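Novice: Coordinates in data_16.csv, CSV, C-alpha atoms, are listed below.
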chain,number,residue,atom,x,y,z
V,1,MET,CA,0.0,0.0,0.0
V,2,GLN,CA,1.1,3.5,-0.9
V,3,ILE,CA,0.5,5.7,2.2
V,4,PRO,CA,0.7,9.4,1.4
V,5,SER,CA,3.5,11.1,3.4
V,6,PHE,CA,2.7,13.7,6.0
V,7,GLN,CA,3.9,16.5,3.7
V,8,GLU,CA,1.5,15.3,0.9
V,9,ARG,CA,-1.4,15.4,3.3
V,10,TYR,CA,-0.4,18.7,4.7
V,11,ASN,CA,-0.1,20.2,1.2
V,12,ALA,CA,-3.5,18.8,0.3
V,13,ILE,CA,-5.1,20.4,3.3
V,14,ARG,CA,-3.2,23.7,2.8
V,15,ASN,CA,-4.4,23.9,-0.8
V,16,GLN,CA,-8.0,23.1,0.3
V,17,ILE,CA,-7.8,26.0,2.7
V,18,LEU,CA,-6.2,28.5,0.4
V,19,GLU,CA,-8.5,27.7,-2.5
V,20,HIS,CA,-11.6,28.2,-0.4
V,21,PRO,CA,-13.5,31.2,-1.9
V,22,ASN,CA,-14.1,32.9,1.4
V,23,VAL,CA,-10.5,32.6,2.4
V,24,GLN,CA,-9.3,34.0,-0.9
V,25,LYS,CA,-11.8,36.9,-0.5
V,26,PHE,CA,-10.5,37.6,3.0
V,27,LEU,CA,-6.8,37.5,1.9
V,28,LYS,CA,-7.5,39.8,-1.0
V,29,GLU,CA,-9.4,42.3,1.2
V,30,HIS,CA,-6.4,42.4,3.6
V,31,ASP,CA,-3.6,42.1,1.0
V,32,ASP,CA,-1.9,45.1,2.5
V,33,VAL,CA,-1.5,43.4,5.9
V,34,VAL,CA,-1.4,39.7,5.2
V,35,ASN,CA,1.9,38.0,4.2
V,36,LYS,CA,3.0,34.4,3.6
V,37,GLU,CA,4.3,33.9,7.1
V,38,MET,CA,1.0,35.1,8.7
V,39,VAL,CA,-0.9,32.7,6.5
V,40,GLU,CA,1.3,29.7,7.4
V,41,ARG,CA,1.0,30.5,11.0
V,42,SER,CA,-2.8,30.7,10.8
V,43,LEU,CA,-3.5,27.6,8.8
V,44,ALA,CA,-5.1,25.9,11.8
V,45,LYS,CA,-7.5,28.8,12.4
V,46,LEU,CA,-8.3,29.0,8.7
V,47,TYR,CA,-9.1,25.3,8.6
V,48,GLU,CA,-11.4,25.8,11.6
V,49,TYR,CA,-13.1,28.5,9.6
V,50,ILE,CA,-13.7,26.5,6.4
V,51,SER,CA,-14.9,23.4,8.3
V,52,GLN,CA,-18.1,25.3,9.3
V,53,THR,CA,-20.9,27.1,7.6
V,54,SER,CA,-20.0,30.8,7.5
V,55,GLU,CA,-23.6,32.0,6.8
V,56,CYS,CA,-26.8,31.1,8.6
V,57,CYS,CA,-28.1,27.9,7.1
V,58,ASN,CA,-31.8,28.8,7.9
V,59,CYS,CA,-32.2,25.4,9.7
V,60,GLY,CA,-35.2,26.7,11.6
V,61,SER,CA,-33.7,25.8,15.0
V,62,THR,CA,-30.3,26.3,16.5
V,63,GLU,CA,-30.5,22.8,17.9
V,64,LYS,CA,-30.1,21.6,14.3
V,65,CYS,CA,-27.0,23.7,13.7
V,66,THR,CA,-23.9,21.8,12.6
V,67,ASN,CA,-21.4,24.5,13.5
V,68,TYR,CA,-19.0,24.0,16.5
V,69,LEU,CA,-21.0,26.6,18.4
V,70,LYS,CA,-24.7,26.1,17.7
V,71,GLY,CA,-26.3,29.3,16.4
V,72,PHE,CA,-23.0,31.0,15.8
V,73,VAL,CA,-21.1,31.5,12.5
V,74,PRO,CA,-17.3,32.0,12.2
V,75,LYS,CA,-15.8,35.2,11.0
V,76,LEU,CA,-12.1,35.8,10.1
V,77,TYR,CA,-10.2,38.8,11.6
V,78,ILE,CA,-6.6,39.8,12.1
V,79,ALA,CA,-5.2,40.1,15.6
V,80,GLN,CA,-1.6,40.3,16.8
V,81,ASN,CA,0.0,39.5,13.4
V,82,SER,CA,-2.2,36.4,12.9
V,83,ILE,CA,-5.5,35.5,11.3
V,84,ASP,CA,-8.0,34.4,13.9
V,85,VAL,CA,-11.6,33.3,14.1
V,86,GLU,CA,-14.4,34.9,16.1
V,87,TYR,CA,-18.0,33.8,16.3
V,88,GLU,CA,-21.2,35.9,15.7
V,89,ARG,CA,-24.8,35.0,16.2
V,90,CYS,CA,-26.5,33.8,13.1
V,91,LYS,CA,-29.9,35.0,12.0
V,92,GLN,CA,-31.7,32.1,13.6
V,93,LYS,CA,-29.9,32.6,16.9
V,94,ILE,CA,-30.9,36.3,16.9
V,95,ILE,CA,-34.5,35.4,16.2
V,96,GLU,CA,-34.6,32.8,19.0
V,97,ASP,CA,-32.8,35.2,21.5
V,98,GLU,CA,-35.2,38.0,20.7
V,99,ARG,CA,-38.1,35.6,21.2
V,100,ARG,CA,-36.8,34.5,24.6
V,101,GLU,CA,-36.2,38.1,25.6
V,102,ILE,CA,-39.8,38.9,24.7
V,103,GLU,CA,-41.1,35.9,26.7
V,104,SER,CA,-39.0,37.0,29.7
V,105,MET,CA,-40.8,40.3,29.6
V,106,ILE,CA,-44.1,38.6,30.6
V,107,SER,CA,-44.4,37.1,34.0
V,108,SER,CA,-47.5,34.9,34.4
V,109,MET,CA,-49.3,33.5,37.5
V,110,TYR,CA,-51.8,30.8,36.6
V,111,MET,CA,-52.6,32.2,33.1
V,112,PRO,CA,-53.4,29.8,30.2
V,113,LYS,CA,-50.8,29.2,27.5
V,114,ASP,CA,-53.1,30.4,24.7
V,115,VAL,CA,-53.5,33.7,26.5
V,116,LEU,CA,-49.8,34.2,26.8
V,117,SER,CA,-49.3,33.6,23.1
V,118,ALA,CA,-52.1,36.0,22.0
V,119,THR,CA,-51.6,39.0,19.7
V,120,LEU,CA,-53.7,41.9,18.8
V,121,LYS,CA,-53.8,40.7,15.2
V,122,ASP,CA,-55.6,37.6,16.4
V,123,LEU,CA,-58.4,39.6,18.1
V,124,GLU,CA,-61.7,39.0,16.2
V,125,ILE,CA,-63.3,42.3,15.3
V,126,ASP,CA,-67.0,41.4,15.1
V,127,ASP,CA,-68.3,44.0,17.5
V,128,GLU,CA,-68.0,47.8,18.1
V,129,SER,CA,-66.7,47.2,21.6
V,130,ARG,CA,-63.8,45.2,20.1
V,131,VAL,CA,-62.9,48.1,17.8
V,132,GLU,CA,-62.8,50.4,20.8
V,133,ILE,CA,-60.6,47.9,22.7
V,134,LEU,CA,-58.2,47.5,19.8
V,135,ASN,CA,-58.0,51.3,19.3
V,136,TYR,CA,-57.3,51.9,23.0
V,137,ALA,CA,-54.6,49.2,23.0
V,138,ALA,CA,-53.0,50.7,19.9
V,139,ASP,CA,-53.0,54.2,21.6
V,140,PHE,CA,-51.5,52.7,24.8
V,141,VAL,CA,-48.6,51.2,22.8
V,142,ALA,CA,-48.2,54.3,20.6
V,143,HIS,CA,-47.9,56.5,23.7
V,144,ILE,CA,-45.0,54.4,24.9
V,145,LYS,CA,-43.3,54.5,21.5
V,146,ASN,CA,-43.7,58.2,21.1
V,147,SER,CA,-42.9,59.4,24.7
V,148,GLY,CA,-40.9,56.5,26.1
V,149,GLU,CA,-43.2,56.7,29.2
V,150,LEU,CA,-46.0,54.4,30.4
V,151,PRO,CA,-49.6,55.8,30.4
V,152,LYS,CA,-51.0,56.3,33.9
V,153,LYS,CA,-54.1,54.3,33.4
V,154,GLY,CA,-55.1,50.9,32.0
V,155,PHE,CA,-58.6,49.7,31.5
V,156,TYR,CA,-61.3,47.7,33.4
V,157,LEU,CA,-62.6,45.2,30.8
V,158,TYR,CA,-65.9,43.6,31.8
V,159,GLY,CA,-68.3,41.4,30.0
V,160,GLU,CA,-69.9,38.0,29.9
V,161,PHE,CA,-68.1,34.7,30.2
V,162,GLY,CA,-65.9,33.6,27.3
V,163,VAL,CA,-65.9,36.8,25.2
V,164,GLY,CA,-62.1,37.0,25.2
V,165,LYS,CA,-61.2,39.4,28.0
V,166,SER,CA,-58.2,37.4,29.2
V,167,PHE,CA,-57.1,37.0,25.5
V,168,VAL,CA,-56.9,40.8,25.2
V,169,LEU,CA,-54.6,41.0,28.3
V,170,GLY,CA,-52.3,38.5,26.7
V,171,ALA,CA,-52.3,40.3,23.4
V,172,ILE,CA,-51.4,43.7,25.0
V,173,ALA,CA,-48.7,42.0,27.2
V,174,ASN,CA,-47.1,40.7,24.0
V,175,GLU,CA,-47.2,44.1,22.3
V,176,LEU,CA,-45.5,45.6,25.4
V,177,ALA,CA,-42.9,42.8,25.5
V,178,SER,CA,-41.9,43.7,21.9
V,179,LEU,CA,-41.1,47.2,23.3
V,180,LYS,CA,-39.2,45.6,26.2
V,181,VAL,CA,-41.8,46.7,28.7
V,182,PRO,CA,-42.3,44.0,31.4
V,183,SER,CA,-45.7,43.1,32.5
V,184,VAL,CA,-47.2,40.7,35.1
V,185,LEU,CA,-50.4,38.8,34.4
V,186,VAL,CA,-52.2,37.4,37.4
V,187,PHE,CA,-55.3,35.1,37.6
V,188,VAL,CA,-56.7,36.7,40.7
V,189,PRO,CA,-58.7,33.8,42.3
V,190,GLU,CA,-55.7,31.4,42.2
V,191,PHE,CA,-53.3,34.1,43.3
V,192,LEU,CA,-55.3,34.8,46.4
V,193,ARG,CA,-55.5,31.1,47.2
V,194,GLU,CA,-51.7,30.8,46.9
V,195,LEU,CA,-51.1,33.8,49.2
V,196,LYS,CA,-53.0,32.1,52.0
V,197,ASN,CA,-50.4,29.3,51.8
V,198,SER,CA,-47.6,31.7,51.6
V,199,ILE,CA,-48.3,33.0,55.1
V,200,HIS,CA,-46.6,29.9,56.6
V,201,ASP,CA,-43.5,29.8,54.3
V,202,GLN,CA,-42.8,33.5,54.8
V,203,THR,CA,-43.0,34.4,51.1
V,204,LEU,CA,-46.2,36.4,51.3
V,205,GLN,CA,-44.8,39.9,51.3
V,206,GLU,CA,-42.3,39.0,48.5
V,207,LYS,CA,-45.1,37.9,46.2
V,208,VAL,CA,-47.3,40.8,47.0
V,209,ASP,CA,-44.5,43.3,46.4
V,210,TYR,CA,-43.6,41.6,43.1
V,211,VAL,CA,-47.1,42.0,41.8
V,212,LYS,CA,-47.8,45.5,43.0
V,213,GLN,CA,-44.5,46.9,41.8
V,214,ALA,CA,-44.8,45.5,38.2
V,215,PRO,CA,-44.3,48.2,35.5
V,216,VAL,CA,-47.6,47.0,34.0
V,217,LEU,CA,-50.0,44.8,36.0
V,218,MET,CA,-52.8,42.8,34.6
V,219,LEU,CA,-55.4,41.3,37.1
V,220,ASP,CA,-57.6,38.7,35.4
V,221,ASP,CA,-61.0,37.7,36.6
V,222,ILE,CA,-61.4,39.9,39.6
V,223,GLY,CA,-64.7,39.3,41.3
V,224,ALA,CA,-64.6,35.5,40.7
V,225,GLU,CA,-62.8,34.8,43.9
V,226,SER,CA,-64.2,33.8,47.3
V,227,LEU,CA,-63.2,36.9,49.1
V,228,THR,CA,-62.2,37.4,52.7
V,229,SER,CA,-61.7,40.7,54.5
V,230,TRP,CA,-58.0,39.9,54.6
V,231,ALA,CA,-57.7,39.3,50.9
V,232,ARG,CA,-59.7,42.5,50.2
V,233,ASP,CA,-58.1,44.9,52.6
V,234,GLU,CA,-54.5,43.6,53.0
V,235,ILE,CA,-53.9,42.2,49.5
V,236,LEU,CA,-56.1,43.8,46.9
V,237,GLY,CA,-56.2,47.1,48.8
V,238,SER,CA,-52.5,47.2,49.3
V,239,ILE,CA,-51.7,46.4,45.6
V,240,LEU,CA,-54.2,48.9,44.2
V,241,HIS,CA,-53.2,51.7,46.7
V,242,TYR,CA,-49.6,51.3,45.7
V,243,ARG,CA,-50.4,51.5,42.0
V,244,MET,CA,-52.6,54.5,42.5
V,245,SER,CA,-50.0,56.3,44.4
V,246,GLU,CA,-47.2,55.5,41.9
V,247,GLN,CA,-49.5,56.1,38.9
V,248,LEU,CA,-48.7,52.7,37.4
V,249,PRO,CA,-50.9,51.3,34.6
V,250,THR,CA,-53.2,48.5,35.7
V,251,PHE,CA,-55.4,46.3,33.5
V,252,ILE,CA,-58.3,44.4,35.1
V,253,THR,CA,-60.9,42.0,33.7
V,254,SER,CA,-64.1,40.9,35.3
V,255,ASN,CA,-67.5,39.5,34.6
V,256,LEU,CA,-68.9,42.4,36.8
V,257,ASP,CA,-69.2,46.0,36.1
V,258,TYR,CA,-68.0,48.7,38.6
V,259,LYS,CA,-71.3,48.7,40.5
V,260,GLN,CA,-71.6,44.9,40.7
V,261,LEU,CA,-67.9,44.6,41.7
V,262,GLU,CA,-68.4,47.0,44.6
V,263,ILE,CA,-71.3,44.9,45.9
V,264,HIS,CA,-69.1,41.8,45.6
V,265,LEU,CA,-66.3,43.5,47.5
V,266,ALA,CA,-68.6,44.6,50.3
V,267,GLU,CA,-69.5,41.0,51.3
V,268,THR,CA,-66.9,38.6,52.5
V,269,SER,CA,-67.0,34.7,52.5
V,270,ARG,CA,-68.1,34.8,56.1
V,271,GLY,CA,-71.1,36.9,55.3
V,272,GLU,CA,-69.6,40.1,56.7
V,273,MET,CA,-70.6,43.4,55.1
V,274,ASP,CA,-68.4,46.5,54.8
V,275,VAL,CA,-69.6,48.9,52.2
V,276,VAL,CA,-67.0,51.6,53.2
V,277,LYS,CA,-64.0,49.4,52.6
V,278,ALA,CA,-65.6,48.1,49.3
V,279,ALA,CA,-66.0,51.7,48.2
V,280,ARG,CA,-62.4,52.5,49.1
V,281,ILE,CA,-61.2,49.6,46.9
V,282,MET,CA,-63.4,50.8,44.1
V,283,GLU,CA,-62.0,54.3,44.4
V,284,ARG,CA,-58.6,52.9,43.8
V,285,ILE,CA,-59.7,50.7,40.9
V,286,LYS,CA,-61.3,53.8,39.2
V,287,ALA,CA,-58.1,55.7,39.8
V,288,VAL,CA,-56.0,53.3,37.8
V,289,THR,CA,-58.5,52.1,35.1
V,290,PHE,CA,-61.4,53.3,33.0
V,291,PRO,CA,-64.3,50.9,32.1
V,292,ILE,CA,-64.9,49.2,28.7
V,293,ARG,CA,-67.6,46.7,28.2
V,294,MET,CA,-66.6,43.8,26.0
V,295,MET,CA,-69.4,42.3,23.9
V,296,GLY,CA,-69.6,39.3,21.7
V,297,ARG,CA,-70.3,35.6,21.6
V,298,ASN,CA,-69.0,33.0,24.1
V,299,ARG,CA,-65.9,31.7,22.3
V,300,ARG,CA,-65.6,28.7,24.7
V,301,LEU,CA,-68.7,27.1,23.4
Let me see the structure of the file written as structure tokens.
Specialist:
Amino acid sequence: MQIPSFQERYNAIRNQILEHPNVQKFLKEHDDVVNKEMVERSLAKLYEYISQTSECCNCGSTEKCTNYLKGFVPKLYIAQNSIDVEYERCKQKIIEDERREIESMISSMYMPKDVLSATLKDLEIDDESRVEILNYAADFVAHIKNSGELPKKGFYLYGEFGVGKSFVLGAIANELASLKVPSVLVFVPEFLRELKNSIHDQTLQEKVDYVKQAPVLMLDDIGAESLTSWARDEILGSILHYRMSEQLPTFITSNLDYKQLEIHLAETSRGEMDVVKAARIMERIKAVTFPIRMMGRNRRL
């Protein structure tokens, strides 16, 4: 058997490297700096470069990427009298990173997945109330784009079961996420149940502070909870008072209008009535929202 000598194999690889179109282009562009000794000294790095895809292969997922660093493409550059390789994110990696960043802008507590993936484009416009909601949402987002500041009020969206109130919250949250504005979405009945258990593990105040200090807070399905005076006064009251004082935008959904919600807040699960404290909570809700009735068919049927 005739086994090629080391020099023959070396020359073959060297020719493969130097004949590569991208390497030739790089050497031509840096002809005033590159010399023969620099090329010989950098053959290992040049081979590393040509062994990979230098452009995004549009594989659809960085997990399928065949480069040494998944989601990164090699680029040649000159450093310390040598040719070296650096890595830059490919188009797919940039898309995935931006998607993750957007997702990280939305914190959710007990909200359905379909709500968290909603967009305003998906909102069915089959009623005048939906046009009003869409216009308001667009104005809210436009205000942030134009001024760089958050509006001081959100809205109180009320209507029958299944008309898509929670869906609207998710759609607005995603619009805000694209502007790098964080929001917190909370399903109120389950949140209040969790807080009862948090009294014993000493995480109660931490969770309440996290919610009430959110740049944009979205409280879903308020009025559906079995309310205690503690939940009303110490939790909802505390959260809403803080947001009113700090003028932070708050979005609320409910099956009840303002008047019906006030009646609900006045009566606790133990049958106690306190119209004064209920009125105080409603005063705070009205300070951070304005009401919109959402009409339409029940989309859950």
Novice: Name the residues, using the chain letters and numbers of the file, that sit within 12 Å of (-56.3, 46.2, 35.1) when counting all atoms listed in the file, and give them as a PyMOL selection string.
Specialist: chain V and resi 152-158+165-166+168-169+172-173+183-188+212+214+216-222+239-240+243-244+248-254+284-292
Novice: Export C-alpha atoms of the chosen residues as a short mmCIF file (atom, residue, chain, number, x, y, z; two decimals), keeping the file's coordinate frame?
Specialist:
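Result went into part18.cif, see below:
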data_model
loop_
_atom_site.label_atom_id
_atom_site.label_comp_id
_atom_site.auth_asym_id
_atom_site.auth_seq_id
_atom_site.Cartn_x
_atom_site.Cartn_y
_atom_site.Cartn_z
CA LYS V 152 -51.00 56.30 33.90
CA LYS V 153 -54.10 54.30 33.40
CA GLY V 154 -55.10 50.90 32.00
CA PHE V 155 -58.60 49.70 31.50
CA TYR V 156 -61.30 47.70 33.40
CA LEU V 157 -62.60 45.20 30.80
CA TYR V 158 -65.90 43.60 31.80
CA LYS V 165 -61.20 39.40 28.00
CA SER V 166 -58.20 37.40 29.20
CA VAL V 168 -56.90 40.80 25.20
CA LEU V 169 -54.60 41.00 28.30
CA ILE V 172 -51.40 43.70 25.00
CA ALA V 173 -48.70 42.00 27.20
CA SER V 183 -45.70 43.10 32.50
CA VAL V 184 -47.20 40.70 35.10
CA LEU V 185 -50.40 38.80 34.40
CA VAL V 186 -52.20 37.40 37.40
CA PHE V 187 -55.30 35.10 37.60
CA VAL V 188 -56.70 36.70 40.70
CA LYS V 212 -47.80 45.50 43.00
CA ALA V 214 -44.80 45.50 38.20
CA VAL V 216 -47.60 47.00 34.00
CA LEU V 217 -50.00 44.80 36.00
CA MET V 218 -52.80 42.80 34.60
CA LEU V 219 -55.40 41.30 37.10
CA ASP V 220 -57.60 38.70 35.40
CA ASP V 221 -61.00 37.70 36.60
CA ILE V 222 -61.40 39.90 39.60
CA ILE V 239 -51.70 46.40 45.60
CA LEU V 240 -54.20 48.90 44.20
CA ARG V 243 -50.40 51.50 42.00
CA MET V 244 -52.60 54.50 42.50
CA LEU V 248 -48.70 52.70 37.40
CA PRO V 249 -50.90 51.30 34.60
CA THR V 250 -53.20 48.50 35.70
CA PHE V 251 -55.40 46.30 33.50
CA ILE V 252 -58.30 44.40 35.10
CA THR V 253 -60.90 42.00 33.70
CA SER V 254 -64.10 40.90 35.30
CA ARG V 284 -58.60 52.90 43.80
CA ILE V 285 -59.70 50.70 40.90
CA LYS V 286 -61.30 53.80 39.20
CA ALA V 287 -58.10 55.70 39.80
CA VAL V 288 -56.00 53.30 37.80
CA THR V 289 -58.50 52.10 35.10
CA PHE V 290 -61.40 53.30 33.00
CA PRO V 291 -64.30 50.90 32.10
CA ILE V 292 -64.90 49.20 28.70
#
Novice: Which of these, V:Tyr49, V:Leu123, V:Val208, V:Pro182, has the shortest distance to Asn135 (chain V) once you count only C-alpha atoms?
Specialist: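 That would be V:Leu123, the residue with the smallest distance to Asn135 (chain V).
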Novice: Could you tell me how far CA of Tyr258 (chain V) sits from CA of Ala138 (chain V), in Å to one decimal place?
Specialist: 24.1 Å
Novice: May I ask for the distance between CA of Gly237 (chain V) and CA of Leu265 (chain V), given in Å to one decimal place?
Specialist: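 So the two atoms, CA of Gly237 (chain V) and CA of Leu265 (chain V), lie 10.8 Å apart.
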Novice: Which value, in Å to one decimal, gives the distance between CA of Cys90 (chain V) and CA of Glu55 (chain V)?
Specialist: 7.2 Å
Novice: Between V:Asn255, V:Ser147, V:Ser42, V:Ser178, which is the closest to Gly159 (chain V) once you count all atoms listed in the file?
Specialist: V:Asn255
Novice: For Arg130 (chain V), which of V:Met295, V:Ala177, V:Leu69, V:Val275 is the closest residue, counting all atoms listed in the file?
Specialist: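 Using all atoms listed in the file, Arg130 (chain V) sits closest to V:Met295.
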Novice: Excluding Pro151 (chain V) and its own-chain neighbours fewer than 6 positions away, which residues fall within 9 Å of it when counting only C-alpha atoms? Please give them as a list of chain:residue names.
Specialist: V:Phe140, V:Val141, V:His143, V:Ile144, V:Gln247, V:Leu248, V:Pro249
Novice: Considering all atoms listed in the file, can you say which of V:Ala266, V:Glu19, V:Ile13, V:Phe6 comes closest to Tyr47 (chain V)?
Specialist: V:Ile13
Novice: Which is closer to Gly296 (chain V) than all the others in V:Ile50, V:Val163, V:Leu150, V:Ile199, using all atoms listed in the file?
Specialist: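 Comparing V:Ile50, V:Val163, V:Leu150, V:Ile199 against Gly296 (chain V), the winner is V:Val163.
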Novice: Skipping near chain neighbours, those fewer than 6 positions away, what residues fall within 9 Å of Ser198 (chain V) using all atoms listed in the file, listed as a PyMOL selection string?
Specialist: chain V and resi 204-205+207
Novice: Taking only C-alpha atoms into account, which of V:Val34, V:Ala171, V:Ala231, V:Leu46 comes nearest Gln16 (chain V)?
Specialist: V:Leu46
Novice: As a list in words, please: the residues near Phe72 (chain V) (cut-off 10 Å, all atoms listed in the file, same-chain neighbours under 6 positions excluded).
Specialist: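 Final neighbour list, sorted by chain and number: Gln52, Thr53, Ser54, Glu55, Cys56, Thr62, Cys65, Thr66, Glu86, Tyr87, Glu88, Arg89, Cys90, Lys91, Gln92, Lys93 and Ile94 of chain V.
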Novice: Restricted to N, CA and C atoms, what does region 84-109 of chain V look like when written out as a JSON list (two decimals), in the first residue's frame?
Specialist:
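Okay, decode-v7.json is ready:
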[["chain", "number", "residue", "atom", "x", "y", "z"],
["V", 84, "ASP", "N", -7.28, 35.09, 12.89],
["V", 84, "ASP", "CA", -8.00, 34.36, 13.94],
["V", 84, "ASP", "C", -9.48, 34.25, 13.56],
["V", 85, "VAL", "N", -10.20, 33.48, 14.37],
["V", 85, "VAL", "CA", -11.63, 33.26, 14.13],
["V", 85, "VAL", "C", -12.42, 33.76, 15.33],
["V", 86, "GLU", "N", -13.47, 34.54, 15.05],
["V", 86, "GLU", "CA", -14.43, 34.93, 16.09],
["V", 86, "GLU", "C", -15.80, 34.43, 15.66],
["V", 87, "TYR", "N", -16.72, 34.39, 16.61],
["V", 87, "TYR", "CA", -18.05, 33.83, 16.32],
["V", 87, "TYR", "C", -19.13, 34.87, 16.58],
["V", 88, "GLU", "N", -20.06, 34.97, 15.62],
["V", 88, "GLU", "CA", -21.18, 35.88, 15.73],
["V", 88, "GLU", "C", -22.49, 35.09, 15.66],
["V", 89, "ARG", "N", -23.50, 35.63, 16.30],
["V", 89, "ARG", "CA", -24.81, 34.97, 16.24],
["V", 89, "ARG", "C", -25.34, 34.95, 14.81],
["V", 90, "CYS", "N", -25.91, 33.83, 14.42],
["V", 90, "CYS", "CA", -26.52, 33.75, 13.10],
["V", 90, "CYS", "C", -27.94, 34.33, 13.17],
["V", 91, "LYS", "N", -28.60, 34.44, 12.03],
["V", 91, "LYS", "CA", -29.94, 35.02, 11.98],
["V", 91, "LYS", "C", -30.91, 34.23, 12.86],
["V", 92, "GLN", "N", -30.82, 32.91, 12.79],
["V", 92, "GLN", "CA", -31.73, 32.08, 13.57],
["V", 92, "GLN", "C", -31.51, 32.26, 15.06],
["V", 93, "LYS", "N", -30.25, 32.36, 15.47],
["V", 93, "LYS", "CA", -29.93, 32.58, 16.88],
["V", 93, "LYS", "C", -30.47, 33.92, 17.36],
["V", 94, "ILE", "N", -30.34, 34.94, 16.52],
["V", 94, "ILE", "CA", -30.87, 36.27, 16.88],
["V", 94, "ILE", "C", -32.38, 36.21, 17.06],
["V", 95, "ILE", "N", -33.06, 35.53, 16.13],
["V", 95, "ILE", "CA", -34.52, 35.38, 16.22],
["V", 95, "ILE", "C", -34.91, 34.68, 17.52],
["V", 96, "GLU", "N", -34.22, 33.60, 17.84],
["V", 96, "GLU", "CA", -34.55, 32.83, 19.04],
["V", 96, "GLU", "C", -34.23, 33.62, 20.31],
["V", 97, "ASP", "N", -33.13, 34.36, 20.31],
["V", 97, "ASP", "CA", -32.77, 35.17, 21.48],
["V", 97, "ASP", "C", -33.81, 36.27, 21.71],
["V", 98, "GLU", "N", -34.23, 36.91, 20.62],
["V", 98, "GLU", "CA", -35.24, 37.97, 20.74],
["V", 98, "GLU", "C", -36.56, 37.39, 21.24],
["V", 99, "ARG", "N", -36.90, 36.19, 20.77],
["V", 99, "ARG", "CA", -38.14, 35.55, 21.22],
["V", 99, "ARG", "C", -38.07, 35.25, 22.71],
["V", 100, "ARG", "N", -36.92, 34.75, 23.17],
["V", 100, "ARG", "CA", -36.76, 34.46, 24.59],
["V", 100, "ARG", "C", -36.81, 35.75, 25.43],
["V", 101, "GLU", "N", -36.21, 36.81, 24.88],
["V", 101, "GLU", "CA", -36.21, 38.08, 25.61],
["V", 101, "GLU", "C", -37.63, 38.61, 25.75],
["V", 102, "ILE", "N", -38.41, 38.48, 24.67],
["V", 102, "ILE", "CA", -39.81, 38.91, 24.72],
["V", 102, "ILE", "C", -40.58, 38.09, 25.74],
["V", 103, "GLU", "N", -40.37, 36.77, 25.72],
["V", 103, "GLU", "CA", -41.06, 35.90, 26.68],
["V", 103, "GLU", "C", -40.68, 36.25, 28.11],
["V", 104, "SER", "N", -39.43, 36.65, 28.31],
["V", 104, "SER", "CA", -38.99, 36.99, 29.67],
["V", 104, "SER", "C", -39.61, 38.29, 30.17],
["V", 105, "MET", "N", -40.16, 39.09, 29.24],
["V", 105, "MET", "CA", -40.81, 40.34, 29.62],
["V", 105, "MET", "C", -42.18, 40.11, 30.24],
["V", 106, "ILE", "N", -42.71, 38.91, 30.06],
["V", 106, "ILE", "CA", -44.05, 38.60, 30.55],
["V", 106, "ILE", "C", -43.96, 37.58, 31.67],
["V", 107, "SER", "N", -44.36, 37.99, 32.86],
["V", 107, "SER", "CA", -44.42, 37.06, 33.99],
["V", 107, "SER", "C", -45.89, 36.67, 34.19],
["V", 108, "SER", "N", -46.13, 35.40, 34.36],
["V", 108, "SER", "CA", -47.50, 34.93, 34.44],
["V", 108, "SER", "C", -47.73, 34.12, 35.71],
["V", 109, "MET", "N", -48.87, 34.33, 36.31],
["V", 109, "MET", "CA", -49.27, 33.53, 37.45],
["V", 109, "MET", "C", -50.62, 32.89, 37.14]]
